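The structure appears right after this line, and notes come after that.
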Amino acid sequence: MWFFRSPDIVFGEDSLSHLSSFGPVKFLIVTDKFIASTKILELVKQNLDPGAKTMVFSEFGEEPTDKEILSRIGEIRSFSPDVIIGLGGGSSMDTAKIIYALNGRRDITPYDITPLVSLGINNGSRLIAIPTTSGTGSECSWAAIFSDSSEKRKNEIASPEILPGMSILDPALVLSLPPELSRNTGTDAITHAIEAYGSQWRNPYSDAMAEKALELIVGSLPVVMKDPTDAYNRGNVHIGASMAGMAFSNSQIGLVHAMGHALGGTFRIAHGKAVGLYLSPVIRFNLSAVRKRYSRLNRIFPEEFRGKTLDITVENFLRSIGQAVSVSDTGIKESEYRSHLERMVELAMESTGIITNPADSDSSQVRELFLEVL
Ligand SMILES: [Fe+2]
């Protein structure tokens, strides 16, 4: 027995205005320090019913720790929000998911969130995700990542009960994304679609989402990189990224993410840049396991990028948008990279991406793949 899980999706121009339909209720807006200082927060507030009460929780940065997440939980519970909004990139939406769980169950900590037991967290409040980048797919997933304040480690938790009930994809929120963020989050979304499509846990629903996601993103991201204000193509990438999120959260990611997380946990490097680095080599490694599937994806890319096989096409595409395809492009020194190699292999081998990747791999093959990008 399988499930396909997804939030209700509100998308397209002016979709933020849907927020007014919730009426004069209490909203908790969970958004990081940066977004809280921009006009995006004001824009969201302007779209609420004039009688709505709001509380903003923004005392966290890019990689929120358990301590930060819990810092105002007492106040949040007394506010007793009817609607919890996660507004921002992956970390804001993930934090909102955890707050939603802790607001519903006063006796649990972030570490107790697991898909293995029923949490019973629904206390009548609703969880809405509003992404301000196009890539993480967190708005469509039931996973969340937070950092451990004492051990400096990242924890990935999951439960179908923290899947947002609704996601609002308003292209107005991504029109001013800087090029570096558009490139990295777009690369992440492409990786989600390709990994979902090859995953050993793939299914017809995730396949459909992955194919369409890839078509929308690779058709429109090059235009967005040249003209960031192109609302139509921004909208395509935004929708495509959420579809890629739905694809991988219903089928899992693979070895590219296993390696990308290992690199990201070792060096300070944007997640999209980290996965982009390994995408083409891992596709090459997987080719014989999913040849037909990859040739179908290869035909989705615009002809100008298309090589004989998907690995070549992806590399052409990533180069064209200025994405790093070798360690030297990332600014990491070769000697530093080599000195952390064994630890990165170890971290990658611990990831679930190893299990779901189309081709099986052992640590010596993963080491070779890490070395391929030098
Ligand atoms: Fe990712």
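Please note that chains go A, B, ... in the order of the structure tokens, that every chain numbers its residues from 1, and that ligands are numbered from 1 in the order shown.
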Would you tabulate, counting only C-alpha atoms and all ligand atoms, all residues of chain A that have an atom at most 12 Å from an atom of ligand 1, showing the closest pair of atoms and their distance in Å to one decimal, sorted by chain then ascending number, as CSV?
residue,atom,partner,partner_atom_place_in_ligand_line,distance
A:Gly89,CA,ligand 1,1 (Fe),11.9
A:Gly90,CA,ligand 1,1 (Fe),9.6
A:Ser134,CA,ligand 1,1 (Fe),11.2
A:Gly135,CA,ligand 1,1 (Fe),7.5
A:Thr136,CA,ligand 1,1 (Fe),5.7
A:Gly137,CA,ligand 1,1 (Fe),7.8
A:Ser138,CA,ligand 1,1 (Fe),9.2
A:Ser141,CA,ligand 1,1 (Fe),11.4
A:Ala143,CA,ligand 1,1 (Fe),11.6
A:Ala144,CA,ligand 1,1 (Fe),11.8
A:Ile145,CA,ligand 1,1 (Fe),11.5
A:Asn184,CA,ligand 1,1 (Fe),9.9
A:Thr185,CA,ligand 1,1 (Fe),8.3
A:Gly186,CA,ligand 1,1 (Fe),9.9
A:Thr187,CA,ligand 1,1 (Fe),8.7
A:Asp188,CA,ligand 1,1 (Fe),4.9
A:Ala189,CA,ligand 1,1 (Fe),6.7
A:Ile190,CA,ligand 1,1 (Fe),9.0
A:Thr191,CA,ligand 1,1 (Fe),6.9
A:His192,CA,ligand 1,1 (Fe),6.0
A:Ala193,CA,ligand 1,1 (Fe),9.8
A:Ile194,CA,ligand 1,1 (Fe),11.0
A:Glu195,CA,ligand 1,1 (Fe),9.7
A:Ala196,CA,ligand 1,1 (Fe),10.9
A:Ala241,CA,ligand 1,1 (Fe),10.4
A:Ser242,CA,ligand 1,1 (Fe),11.7
A:Ala244,CA,ligand 1,1 (Fe),9.8
A:Gly245,CA,ligand 1,1 (Fe),8.6
A:Ala247,CA,ligand 1,1 (Fe),11.8
A:Phe248,CA,ligand 1,1 (Fe),9.1
A:Ser249,CA,ligand 1,1 (Fe),10.5
A:Gln252,CA,ligand 1,1 (Fe),10.5
A:Ile253,CA,ligand 1,1 (Fe),8.0
A:Gly254,CA,ligand 1,1 (Fe),10.1
A:Leu255,CA,ligand 1,1 (Fe),11.3
A:Val256,CA,ligand 1,1 (Fe),9.0
A:His257,CA,ligand 1,1 (Fe),6.4
A:Ala258,CA,ligand 1,1 (Fe),9.8
A:Met259,CA,ligand 1,1 (Fe),11.1
A:Gly260,CA,ligand 1,1 (Fe),8.4
A:His261,CA,ligand 1,1 (Fe),8.7
A:Gly264,CA,ligand 1,1 (Fe),11.1
A:Ala270,CA,ligand 1,1 (Fe),10.3
A:His271,CA,ligand 1,1 (Fe),6.7
A:Gly272,CA,ligand 1,1 (Fe),6.6
A:Lys273,CA,ligand 1,1 (Fe),9.9
A:Ala274,CA,ligand 1,1 (Fe),9.2
A:Val275,CA,ligand 1,1 (Fe),7.1
A:Gly276,CA,ligand 1,1 (Fe),9.7
A:Leu279,CA,ligand 1,1 (Fe),11.3
A:Gly353,CA,ligand 1,1 (Fe),11.3
### For Ile168 in chain A: contacts at 6 Å, only C-alpha atoms, fewer than 4 positions along chain excluded, given as JSON, numbers by chain
{"A": [10, 11, 130]}
Output N, CA and C atoms of each residue in that selection to a file, as a PDB file, in the first residue's frame.
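Output (selection-v9.pdb):
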ATOM      1  N   VAL A  10      -2.333  26.745  -3.837  1.00  0.00           N
ATOM      2  CA  VAL A  10      -2.885  27.980  -4.403  1.00  0.00           C
ATOM      3  C   VAL A  10      -1.740  28.607  -5.187  1.00  0.00           C
ATOM      4  N   PHE A  11      -1.915  28.854  -6.469  1.00  0.00           N
ATOM      5  CA  PHE A  11      -0.777  29.324  -7.260  1.00  0.00           C
ATOM      6  C   PHE A  11      -1.195  30.412  -8.246  1.00  0.00           C
ATOM      7  N   ILE A 130       4.428  29.298   2.664  1.00  0.00           N
ATOM      8  CA  ILE A 130       4.527  30.296   1.583  1.00  0.00           C
ATOM      9  C   ILE A 130       6.011  30.456   1.242  1.00  0.00           C
TER      10      ILE A 130
END
### Task
Check the DSSP output for the backbone and give back, as a ChimeraX atom specification, the residues of range 109-353 of chain A in alpha helix (DSSP H).
/A:179-198,204-226,231-249,255-266,271-286,291-300,310-320,327-330,334-339,341-349,353
### Query
Can you tell me how far CA of Glu215 in chain A sits from CA of Ser280 in chain A, in Å to one decimal?
17.8 Å
### Residues near Ala289 in chain A, cut-off 9 Å, only C-alpha atoms, skip fewer than 5 positions along chain, as a list in words
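The filter keeps Gly198, Pro358 and Ala359 of chain A.
Our summary of the geometry notes that CA of Arg202 in chain A is positioned 14.5 Å from CA of Leu297 in chain A.
Residues lying within 10 Å of Leu277 in chain A, counting only C-alpha atoms and ignoring same-chain neighbours fewer than 4 positions away, are Thr187, Val256, Met259, Gly260, Leu263, Gly272, Lys273, Pro281, Val282, Glu315, Leu318, Gln323, Ala324, Val325, Ser326, Val327, Asp329, Thr330, Phe370, Glu372 and Val373 of chain A.
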Write the residues of the selection above to a file with N, CA, C and O atoms, as an mmCIF file, in the first residue's frame.
data_model
loop_
_atom_site.group_PDB
_atom_site.id
_atom_site.type_symbol
_atom_site.label_atom_id
_atom_site.label_comp_id
_atom_site.auth_asym_id
_atom_site.auth_seq_id
_atom_site.Cartn_x
_atom_site.Cartn_y
_atom_site.Cartn_z
ATOM 1 N N THR A 187 18.862 24.806 -9.228
ATOM 2 C CA THR A 187 19.663 23.577 -9.385
ATOM 3 C C THR A 187 19.182 22.510 -8.399
ATOM 4 O O THR A 187 19.084 21.323 -8.737
ATOM 5 N N VAL A 256 22.968 11.783 -4.992
ATOM 6 C CA VAL A 256 23.406 13.183 -5.162
ATOM 7 C C VAL A 256 23.194 13.954 -3.859
ATOM 8 O O VAL A 256 24.072 14.678 -3.393
ATOM 9 N N MET A 259 25.639 12.828 -1.070
ATOM 10 C CA MET A 259 26.960 13.438 -1.205
ATOM 11 C C MET A 259 26.903 14.945 -0.955
ATOM 12 O O MET A 259 27.774 15.528 -0.321
ATOM 13 N N GLY A 260 25.851 15.582 -1.457
ATOM 14 C CA GLY A 260 25.698 17.033 -1.280
ATOM 15 C C GLY A 260 25.560 17.410 0.185
ATOM 16 O O GLY A 260 26.140 18.400 0.639
ATOM 17 N N LEU A 263 28.973 17.133 1.804
ATOM 18 C CA LEU A 263 29.811 18.296 1.483
ATOM 19 C C LEU A 263 29.333 19.526 2.263
ATOM 20 O O LEU A 263 30.136 20.264 2.848
ATOM 21 N N GLY A 272 22.134 24.001 -2.914
ATOM 22 C CA GLY A 272 21.934 23.810 -4.355
ATOM 23 C C GLY A 272 23.254 23.678 -5.106
ATOM 24 O O GLY A 272 23.386 22.901 -6.047
ATOM 25 N N LYS A 273 24.244 24.464 -4.655
ATOM 26 C CA LYS A 273 25.573 24.397 -5.282
ATOM 27 C C LYS A 273 26.208 23.030 -4.992
ATOM 28 O O LYS A 273 26.826 22.419 -5.856
ATOM 29 N N PRO A 281 28.036 13.562 -12.373
ATOM 30 C CA PRO A 281 28.756 12.303 -12.112
ATOM 31 C C PRO A 281 27.861 11.175 -11.588
ATOM 32 O O PRO A 281 28.010 10.024 -11.987
ATOM 33 N N VAL A 282 26.887 11.514 -10.720
ATOM 34 C CA VAL A 282 26.017 10.456 -10.183
ATOM 35 C C VAL A 282 25.066 9.937 -11.272
ATOM 36 O O VAL A 282 24.787 8.735 -11.343
ATOM 37 N N GLU A 315 25.296 18.619 -17.442
ATOM 38 C CA GLU A 315 26.520 19.428 -17.286
ATOM 39 C C GLU A 315 26.475 20.658 -18.197
ATOM 40 O O GLU A 315 26.814 21.767 -17.771
ATOM 41 N N LEU A 318 24.036 23.129 -16.577
ATOM 42 C CA LEU A 318 24.558 23.785 -15.362
ATOM 43 C C LEU A 318 25.636 24.811 -15.721
ATOM 44 O O LEU A 318 25.679 25.904 -15.160
ATOM 45 N N GLN A 323 26.584 27.502 -13.011
ATOM 46 C CA GLN A 323 26.668 26.679 -11.794
ATOM 47 C C GLN A 323 28.018 25.960 -11.730
ATOM 48 O O GLN A 323 28.591 25.592 -12.760
ATOM 49 N N ALA A 324 28.522 25.739 -10.498
ATOM 50 C CA ALA A 324 29.807 25.065 -10.296
ATOM 51 C C ALA A 324 29.728 23.604 -10.734
ATOM 52 O O ALA A 324 28.779 22.907 -10.374
ATOM 53 N N VAL A 325 30.704 23.147 -11.523
ATOM 54 C CA VAL A 325 30.729 21.730 -11.892
ATOM 55 C C VAL A 325 32.033 21.052 -11.436
ATOM 56 O O VAL A 325 32.252 19.882 -11.717
ATOM 57 N N SER A 326 32.913 21.827 -10.782
ATOM 58 C CA SER A 326 34.109 21.210 -10.212
ATOM 59 C C SER A 326 34.422 21.886 -8.881
ATOM 60 O O SER A 326 33.956 23.011 -8.616
ATOM 61 N N VAL A 327 35.217 21.211 -8.042
ATOM 62 C CA VAL A 327 35.523 21.740 -6.709
ATOM 63 C C VAL A 327 36.157 23.131 -6.815
ATOM 64 O O VAL A 327 35.827 24.036 -6.041
ATOM 65 N N ASP A 329 35.556 25.424 -8.875
ATOM 66 C CA ASP A 329 34.515 26.446 -9.115
ATOM 67 C C ASP A 329 33.845 26.892 -7.806
ATOM 68 O O ASP A 329 33.226 27.947 -7.759
ATOM 69 N N THR A 330 33.926 26.058 -6.773
ATOM 70 C CA THR A 330 33.204 26.383 -5.530
ATOM 71 C C THR A 330 34.048 27.227 -4.571
ATOM 72 O O THR A 330 33.533 27.736 -3.587
ATOM 73 N N PHE A 370 33.320 11.250 -5.370
ATOM 74 C CA PHE A 370 33.775 12.498 -4.727
ATOM 75 C C PHE A 370 35.023 13.027 -5.441
ATOM 76 O O PHE A 370 35.204 14.235 -5.583
ATOM 77 N N GLU A 372 35.811 12.518 -8.578
ATOM 78 C CA GLU A 372 35.555 12.856 -9.984
ATOM 79 C C GLU A 372 35.401 14.346 -10.243
ATOM 80 O O GLU A 372 35.604 14.815 -11.351
ATOM 81 N N VAL A 373 34.995 15.093 -9.218
ATOM 82 C CA VAL A 373 34.759 16.528 -9.445
ATOM 83 C C VAL A 373 35.976 17.400 -9.116
ATOM 84 O O VAL A 373 35.890 18.624 -9.119
#
### Query
Within 9 Å of range 74-85 of chain A, counting only C-alpha atoms, which residues qualify if same-chain residues fewer than 3 places away don't, as a PyMOL selection string?
chain A and resi 22+25-31+53-55+57+70-71+93+96-97+99-100+102-104+106+124-130
### Message
With distances taken over only C-alpha atoms, which residue among A:Pro160, A:Ser91, A:Met1, A:Cys140 lies nearest Pro115 in chain A?
### Response
A:Pro160
### Query
What is the CA of Leu221 in chain A to CA of Asp207 in chain A distance in Å?
20.8 Å
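The shortest atom-to-atom distance to Asp148 in chain A, with only C-alpha atoms taken into account, belongs to A:Ile69 out of A:Leu369, A:Ile69, A:Ile355, A:Val290.
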### Message
Residues near range 225-240 of chain A, anyone? I mean within 6 Å using only C-alpha atoms, not counting same-chain ones fewer than 3 positions away, as a list of chain:residue names.
### Response
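Answer for this query is A:Ser134, A:Pro171, A:Leu175, A:Ala213, A:Leu216, A:Ile217, A:Ser220, A:Pro222, A:Met243.
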Residue selection dump (N, CA and C atoms) as a PDB file, in the first residue's frame:
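Result file is result-v1.pdb:
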ATOM      1  N   SER A 134      12.563  29.394  -4.968  1.00  0.00           N
ATOM      2  CA  SER A 134      11.986  28.333  -5.797  1.00  0.00           C
ATOM      3  C   SER A 134      12.944  27.162  -5.839  1.00  0.00           C
ATOM      4  N   PRO A 171       4.085  34.134  -7.465  1.00  0.00           N
ATOM      5  CA  PRO A 171       5.338  34.513  -8.131  1.00  0.00           C
ATOM      6  C   PRO A 171       5.856  35.891  -7.721  1.00  0.00           C
ATOM      7  N   LEU A 175      10.132  37.450  -7.416  1.00  0.00           N
ATOM      8  CA  LEU A 175      10.597  38.338  -8.499  1.00  0.00           C
ATOM      9  C   LEU A 175      11.930  39.009  -8.181  1.00  0.00           C
ATOM     10  N   ALA A 213       7.820  18.856 -13.609  1.00  0.00           N
ATOM     11  CA  ALA A 213       8.672  19.805 -12.883  1.00  0.00           C
ATOM     12  C   ALA A 213       9.913  20.120 -13.710  1.00  0.00           C
ATOM     13  N   LEU A 216       9.167  22.377 -16.728  1.00  0.00           N
ATOM     14  CA  LEU A 216       8.941  23.783 -16.365  1.00  0.00           C
ATOM     15  C   LEU A 216      10.252  24.476 -15.973  1.00  0.00           C
ATOM     16  N   ILE A 217      11.081  23.785 -15.203  1.00  0.00           N
ATOM     17  CA  ILE A 217      12.287  24.448 -14.685  1.00  0.00           C
ATOM     18  C   ILE A 217      13.346  24.627 -15.778  1.00  0.00           C
ATOM     19  N   SER A 220      12.421  27.317 -18.259  1.00  0.00           N
ATOM     20  CA  SER A 220      12.290  28.712 -17.827  1.00  0.00           C
ATOM     21  C   SER A 220      13.473  29.270 -17.033  1.00  0.00           C
ATOM     22  N   PRO A 222      16.759  29.287 -17.568  1.00  0.00           N
ATOM     23  CA  PRO A 222      17.717  30.097 -18.341  1.00  0.00           C
ATOM     24  C   PRO A 222      17.180  31.508 -18.645  1.00  0.00           C
ATOM     25  N   MET A 243       6.488  21.169  -7.586  1.00  0.00           N
ATOM     26  CA  MET A 243       6.166  19.836  -8.124  1.00  0.00           C
ATOM     27  C   MET A 243       7.333  18.872  -7.891  1.00  0.00           C
TER      28      MET A 243
END
